[in-house]
Amino acid sequence: MILVLGLCVPAQAELPALPLEDHAAWQAVGRVNQAGFNQKALCSGTLVAPDLVLTAAHCVQGRDGVIPLSRLHFVAGWLGGDYAGDSAAQRVLVHPDYADKPGPSDIALMWLKHPLEVTPFAIHAPQPGIVAIMGYQDNRPHRLGARFDCQRLSDTQLWLSCPARGGTSGGPVFQQVDGIWHVVGVVNGANSTASLGAPVGEWVLSRMTDEP
């Protein structure tokens, strides 16, 4: 579920499907299912440690509080029923400033019940320059979508030139640092021409070493 800003996102405002031959390189990106193993109530997320997923706060918390852990499940590298690993959630931590709206505090950490044998992505604070976004869209939930040409429209927040659809929320914002892709934020909102994300910042850096 992506929190849409302004008008509904039109059908053409979506991420192109990631080429099948490239999928193996991005298996740490997966689905954050909100009702079990393969349900349609989904967001996206990324392994940033073998047992830790970075996603959007609204993907794991509703207006009545955190979604029950029994309903939260991460499936890494989901592709048409195949996947690289999966686990139920063990613990969820939501940014303390999250207030049920997209923006810099709409970010969360989800620890898994067991580590996955999938290489996680490193994280980094956002830098100037081009970024990429990825996620599983509501109209194509079984194949990862991606854009690698997103411009930052603001120096103060992750306001990006690439639009996105429902399901992409919690998906990673990637940026190359010293030639290596790092997760620098998560997508959490969009309109018909752009998307909004929460950057990796001090809260994520300081809390991701917590015990599950």
# chains A, B, ... in the order shown; residues from 1 in each chain; ligands from 1
$ residues_around --residues "Phe174 (chain A)" --least-positions-apart "5" --cutoff "6 Å" --atoms "only C-alpha atoms" --output "JSON, numbers by chain"
{"A": [131, 132, 182, 183, 184]}
$ residues_around --residues "Asp82 (chain A)" --least-positions-apart "2" --cutoff "12 Å" --atoms "only C-alpha atoms" --output "list in words"
His23, Ala24, Gln27, Gly30, Asn38, Val75, Ala76, Gly77, Trp78, Leu79, Gly80, Ala84, Gly85, Asp86, His142 and Arg143 of chain A
$ write_last_selection --atoms "N, CA and C atoms" --output "PDB file, in the first residue's frame"
ATOM      1  N   HIS A  23      17.328 -10.059 -12.152  1.00  0.00           N
ATOM      2  CA  HIS A  23      16.629 -10.255 -10.884  1.00  0.00           C
ATOM      3  C   HIS A  23      17.534 -10.813  -9.790  1.00  0.00           C
ATOM      4  N   ALA A  24      18.444 -11.721 -10.136  1.00  0.00           N
ATOM      5  CA  ALA A  24      19.282 -12.376  -9.126  1.00  0.00           C
ATOM      6  C   ALA A  24      20.134 -11.385  -8.347  1.00  0.00           C
ATOM      7  N   GLN A  27      17.960  -9.751  -5.064  1.00  0.00           N
ATOM      8  CA  GLN A  27      17.109 -10.635  -4.288  1.00  0.00           C
ATOM      9  C   GLN A  27      16.921 -10.204  -2.838  1.00  0.00           C
ATOM     10  N   GLY A  30      12.357  -7.430  -1.407  1.00  0.00           N
ATOM     11  CA  GLY A  30      11.275  -8.395  -1.346  1.00  0.00           C
ATOM     12  C   GLY A  30       9.952  -7.774  -0.972  1.00  0.00           C
ATOM     13  N   ASN A  38       1.696 -15.128   1.046  1.00  0.00           N
ATOM     14  CA  ASN A  38       1.560 -14.678  -0.342  1.00  0.00           C
ATOM     15  C   ASN A  38       0.289 -13.874  -0.572  1.00  0.00           C
ATOM     16  N   VAL A  75       9.230 -11.812   2.241  1.00  0.00           N
ATOM     17  CA  VAL A  75       9.623 -12.799   1.235  1.00  0.00           C
ATOM     18  C   VAL A  75      10.650 -12.136   0.317  1.00  0.00           C
ATOM     19  N   ALA A  76      11.901 -12.592   0.405  1.00  0.00           N
ATOM     20  CA  ALA A  76      12.993 -11.983  -0.360  1.00  0.00           C
ATOM     21  C   ALA A  76      13.020 -12.519  -1.783  1.00  0.00           C
ATOM     22  N   GLY A  77      13.236 -11.623  -2.739  1.00  0.00           N
ATOM     23  CA  GLY A  77      13.431 -12.018  -4.124  1.00  0.00           C
ATOM     24  C   GLY A  77      12.230 -12.678  -4.767  1.00  0.00           C
ATOM     25  N   TRP A  78      11.031 -12.305  -4.347  1.00  0.00           N
ATOM     26  CA  TRP A  78       9.815 -12.919  -4.888  1.00  0.00           C
ATOM     27  C   TRP A  78       9.726 -12.709  -6.391  1.00  0.00           C
ATOM     28  N   LEU A  79       9.481 -13.794  -7.136  1.00  0.00           N
ATOM     29  CA  LEU A  79       9.365 -13.715  -8.589  1.00  0.00           C
ATOM     30  C   LEU A  79       8.412 -14.802  -9.064  1.00  0.00           C
ATOM     31  N   GLY A  80       7.160 -14.432  -9.218  1.00  0.00           N
ATOM     32  CA  GLY A  80       6.181 -15.340  -9.772  1.00  0.00           C
ATOM     33  C   GLY A  80       5.980 -16.627  -8.994  1.00  0.00           C
ATOM     34  N   ALA A  84      13.841 -16.257  -2.758  1.00  0.00           N
ATOM     35  CA  ALA A  84      15.170 -16.568  -2.240  1.00  0.00           C
ATOM     36  C   ALA A  84      15.163 -16.914  -0.758  1.00  0.00           C
ATOM     37  N   GLY A  85      14.143 -16.518  -0.039  1.00  0.00           N
ATOM     38  CA  GLY A  85      14.045 -16.798   1.396  1.00  0.00           C
ATOM     39  C   GLY A  85      12.851 -16.082   1.969  1.00  0.00           C
ATOM     40  N   ASP A  86      12.375 -16.569   3.131  1.00  0.00           N
ATOM     41  CA  ASP A  86      11.227 -15.913   3.752  1.00  0.00           C
ATOM     42  C   ASP A  86      11.263 -16.128   5.252  1.00  0.00           C
ATOM     43  N   HIS A 142       3.908  -9.821  -8.561  1.00  0.00           N
ATOM     44  CA  HIS A 142       4.772 -10.998  -8.582  1.00  0.00           C
ATOM     45  C   HIS A 142       6.092 -10.765  -9.309  1.00  0.00           C
ATOM     46  N   ARG A 143       6.371  -9.513  -9.642  1.00  0.00           N
ATOM     47  CA  ARG A 143       7.634  -9.199 -10.318  1.00  0.00           C
ATOM     48  C   ARG A 143       8.095  -7.811  -9.912  1.00  0.00           C
TER      49      ARG A 143
END
$ closest_residue --among "A:Arg91, A:His124, A:Arg147, A:Arg152" --to "Val204 (chain A)" --atoms "only C-alpha atoms"
A:His124
$ closest_residue --among "A:Glu211, A:Tyr98, A:Ala88, A:Pro50" --to "Gly62 (chain A)" --atoms "only C-alpha atoms"
A:Tyr98
$ closest_residue --among "A:Val92, A:Pro120, A:Val53, A:Leu47" --to "Val66 (chain A)" --atoms "only C-alpha atoms"
A:Val92
$ closest_residue --among "A:Ser44, A:Ser87, A:Ser206, A:Gln175" --to "Leu116 (chain A)" --atoms "only C-alpha atoms"
A:Ser87
$ select_by_dssp --residues "region 11-56 of chain A" --states "strand (DSSP E)" --output "PyMOL selection string"
chain A and resi 29-33+42-49+52-55
$ residues_around --residues "Pro126 (chain A)" --least-positions-apart "4" --cutoff "12 Å" --atoms "only C-alpha atoms" --output "mmCIF file with N, CA and C atoms, in the first residue's frame"
data_model
loop_
_atom_site.group_PDB
_atom_site.id
_atom_site.type_symbol
_atom_site.label_atom_id
_atom_site.label_comp_id
_atom_site.auth_asym_id
_atom_site.auth_seq_id
_atom_site.Cartn_x
_atom_site.Cartn_y
_atom_site.Cartn_z
ATOM 1 N N ILE A 130 21.864 11.020 -8.944
ATOM 2 C CA ILE A 130 20.805 10.133 -9.408
ATOM 3 C C ILE A 130 20.588 8.997 -8.406
ATOM 4 N N VAL A 131 19.309 8.589 -8.253
ATOM 5 C CA VAL A 131 18.990 7.448 -7.401
ATOM 6 C C VAL A 131 18.108 6.477 -8.191
ATOM 7 N N ALA A 132 17.954 5.275 -7.647
ATOM 8 C CA ALA A 132 17.065 4.261 -8.207
ATOM 9 C C ALA A 132 16.011 3.915 -7.167
ATOM 10 N N ARG A 152 16.764 13.756 -7.823
ATOM 11 C CA ARG A 152 16.322 14.339 -6.553
ATOM 12 C C ARG A 152 15.819 15.747 -6.816
ATOM 13 N N SER A 154 14.648 17.760 -4.447
ATOM 14 C CA SER A 154 14.843 18.576 -3.252
ATOM 15 C C SER A 154 16.129 18.155 -2.572
ATOM 16 N N ASP A 155 16.865 19.118 -2.068
ATOM 17 C CA ASP A 155 18.085 18.806 -1.326
ATOM 18 C C ASP A 155 17.801 18.455 0.122
ATOM 19 N N THR A 156 16.602 18.761 0.608
ATOM 20 C CA THR A 156 16.308 18.586 2.030
ATOM 21 C C THR A 156 15.534 17.310 2.338
ATOM 22 N N GLN A 157 14.922 16.691 1.305
ATOM 23 C CA GLN A 157 14.207 15.446 1.530
ATOM 24 C C GLN A 157 14.276 14.602 0.265
ATOM 25 N N LEU A 158 13.826 13.335 0.361
ATOM 26 C CA LEU A 158 13.866 12.441 -0.788
ATOM 27 C C LEU A 158 12.602 12.622 -1.632
ATOM 28 N N TRP A 159 12.514 13.749 -2.305
ATOM 29 C CA TRP A 159 11.450 14.022 -3.271
ATOM 30 C C TRP A 159 12.039 13.721 -4.629
ATOM 31 N N PRO A 172 13.060 0.144 -1.622
ATOM 32 C CA PRO A 172 14.304 0.881 -1.411
ATOM 33 C C PRO A 172 14.520 2.026 -2.380
ATOM 34 N N VAL A 173 15.155 3.060 -1.869
ATOM 35 C CA VAL A 173 15.793 4.082 -2.699
ATOM 36 C C VAL A 173 17.275 3.739 -2.689
ATOM 37 N N PHE A 174 17.824 3.452 -3.860
ATOM 38 C CA PHE A 174 19.223 3.040 -3.984
ATOM 39 C C PHE A 174 20.064 4.175 -4.554
ATOM 40 N N GLN A 175 21.322 4.181 -4.154
ATOM 41 C CA GLN A 175 22.280 5.123 -4.723
ATOM 42 C C GLN A 175 23.654 4.465 -4.723
ATOM 43 N N GLN A 176 24.414 4.741 -5.758
ATOM 44 C CA GLN A 176 25.760 4.200 -5.811
ATOM 45 C C GLN A 176 26.706 5.077 -4.988
ATOM 46 N N VAL A 177 27.407 4.434 -4.067
ATOM 47 C CA VAL A 177 28.425 5.095 -3.254
ATOM 48 C C VAL A 177 29.725 4.341 -3.494
ATOM 49 N N TRP A 181 26.005 -0.175 -4.893
ATOM 50 C CA TRP A 181 24.642 0.224 -4.561
ATOM 51 C C TRP A 181 24.397 0.119 -3.065
ATOM 52 N N HIS A 182 23.906 1.187 -2.482
ATOM 53 C CA HIS A 182 23.525 1.252 -1.072
ATOM 54 C C HIS A 182 22.062 1.683 -0.973
ATOM 55 N N VAL A 183 21.395 1.226 0.077
ATOM 56 C CA VAL A 183 20.047 1.718 0.374
ATOM 57 C C VAL A 183 20.181 3.048 1.095
ATOM 58 N N VAL A 184 19.580 4.103 0.536
ATOM 59 C CA VAL A 184 19.681 5.430 1.145
ATOM 60 C C VAL A 184 18.325 5.934 1.643
ATOM 61 N N GLY A 185 17.271 5.134 1.458
ATOM 62 C CA GLY A 185 15.951 5.545 1.924
ATOM 63 C C GLY A 185 14.902 4.537 1.518
ATOM 64 N N VAL A 186 13.644 4.846 1.852
ATOM 65 C CA VAL A 186 12.507 4.011 1.446
ATOM 66 C C VAL A 186 11.419 4.893 0.847
ATOM 67 N N GLY A 197 10.213 9.889 -0.306
ATOM 68 C CA GLY A 197 10.838 8.845 0.489
ATOM 69 C C GLY A 197 11.349 9.354 1.817
ATOM 70 N N ALA A 198 11.616 8.406 2.710
ATOM 71 C CA ALA A 198 12.253 8.706 3.988
ATOM 72 C C ALA A 198 13.725 8.335 3.878
ATOM 73 N N PRO A 199 14.632 9.249 4.202
ATOM 74 C CA PRO A 199 16.058 8.947 4.051
ATOM 75 C C PRO A 199 16.593 8.095 5.194
ATOM 76 N N VAL A 200 17.617 7.327 4.901
ATOM 77 C CA VAL A 200 18.394 6.692 5.967
ATOM 78 C C VAL A 200 19.097 7.804 6.740
ATOM 79 N N GLY A 201 18.861 7.846 8.033
ATOM 80 C CA GLY A 201 19.447 8.878 8.874
ATOM 81 C C GLY A 201 19.929 8.306 10.189
ATOM 82 N N GLU A 202 20.123 9.175 11.163
ATOM 83 C CA GLU A 202 20.700 8.778 12.435
ATOM 84 C C GLU A 202 19.844 7.758 13.158
#
$ closest_residue --among "A:Leu160, A:Val29, A:Leu69, A:Ala194" --to "Ala49 (chain A)" --atoms "only C-alpha atoms"
A:Val29
$ select_by_dssp --residues "chain A" --states "alpha helix (DSSP H)" --output "PDB file with N, CA, C and O atoms, in the first residue's frame"
ATOM      1  N   GLU A 202      20.123   9.175  11.163  1.00  0.00           N
ATOM      2  CA  GLU A 202      20.700   8.778  12.435  1.00  0.00           C
ATOM      3  C   GLU A 202      19.844   7.758  13.158  1.00  0.00           C
ATOM      4  O   GLU A 202      20.372   6.846  13.805  1.00  0.00           O
ATOM      5  N   TRP A 203      18.509   7.879  13.049  1.00  0.00           N
ATOM      6  CA  TRP A 203      17.655   6.927  13.760  1.00  0.00           C
ATOM      7  C   TRP A 203      17.877   5.513  13.245  1.00  0.00           C
ATOM      8  O   TRP A 203      18.048   4.578  14.043  1.00  0.00           O
ATOM      9  N   VAL A 204      17.883   5.333  11.942  1.00  0.00           N
ATOM     10  CA  VAL A 204      18.124   4.001  11.373  1.00  0.00           C
ATOM     11  C   VAL A 204      19.508   3.508  11.742  1.00  0.00           C
ATOM     12  O   VAL A 204      19.687   2.357  12.190  1.00  0.00           O
ATOM     13  N   LEU A 205      20.511   4.345  11.578  1.00  0.00           N
ATOM     14  CA  LEU A 205      21.889   3.942  11.839  1.00  0.00           C
ATOM     15  C   LEU A 205      22.096   3.536  13.294  1.00  0.00           C
ATOM     16  O   LEU A 205      22.867   2.628  13.599  1.00  0.00           O
ATOM     17  N   SER A 206      21.391   4.199  14.203  1.00  0.00           N
ATOM     18  CA  SER A 206      21.593   3.914  15.625  1.00  0.00           C
ATOM     19  C   SER A 206      20.759   2.731  16.115  1.00  0.00           C
ATOM     20  O   SER A 206      21.149   2.055  17.068  1.00  0.00           O
ATOM     21  N   ARG A 207      19.636   2.432  15.449  1.00  0.00           N
ATOM     22  CA  ARG A 207      18.735   1.395  15.961  1.00  0.00           C
ATOM     23  C   ARG A 207      18.888   0.046  15.267  1.00  0.00           C
ATOM     24  O   ARG A 207      18.431  -0.971  15.788  1.00  0.00           O
TER      25      ARG A 207
END
$ closest_residue --among "A:Ile133, A:Ile180, A:Ala99, A:Cys43" --to "Leu18 (chain A)" --atoms "only C-alpha atoms"
A:Ile133
$ residues_around --residues "Gln90 (chain A)" --least-positions-apart "6" --cutoff "10 Å" --atoms "only C-alpha atoms" --output "PyMOL selection string"
chain A and resi 51-52+69-70+72-73+110-114+212
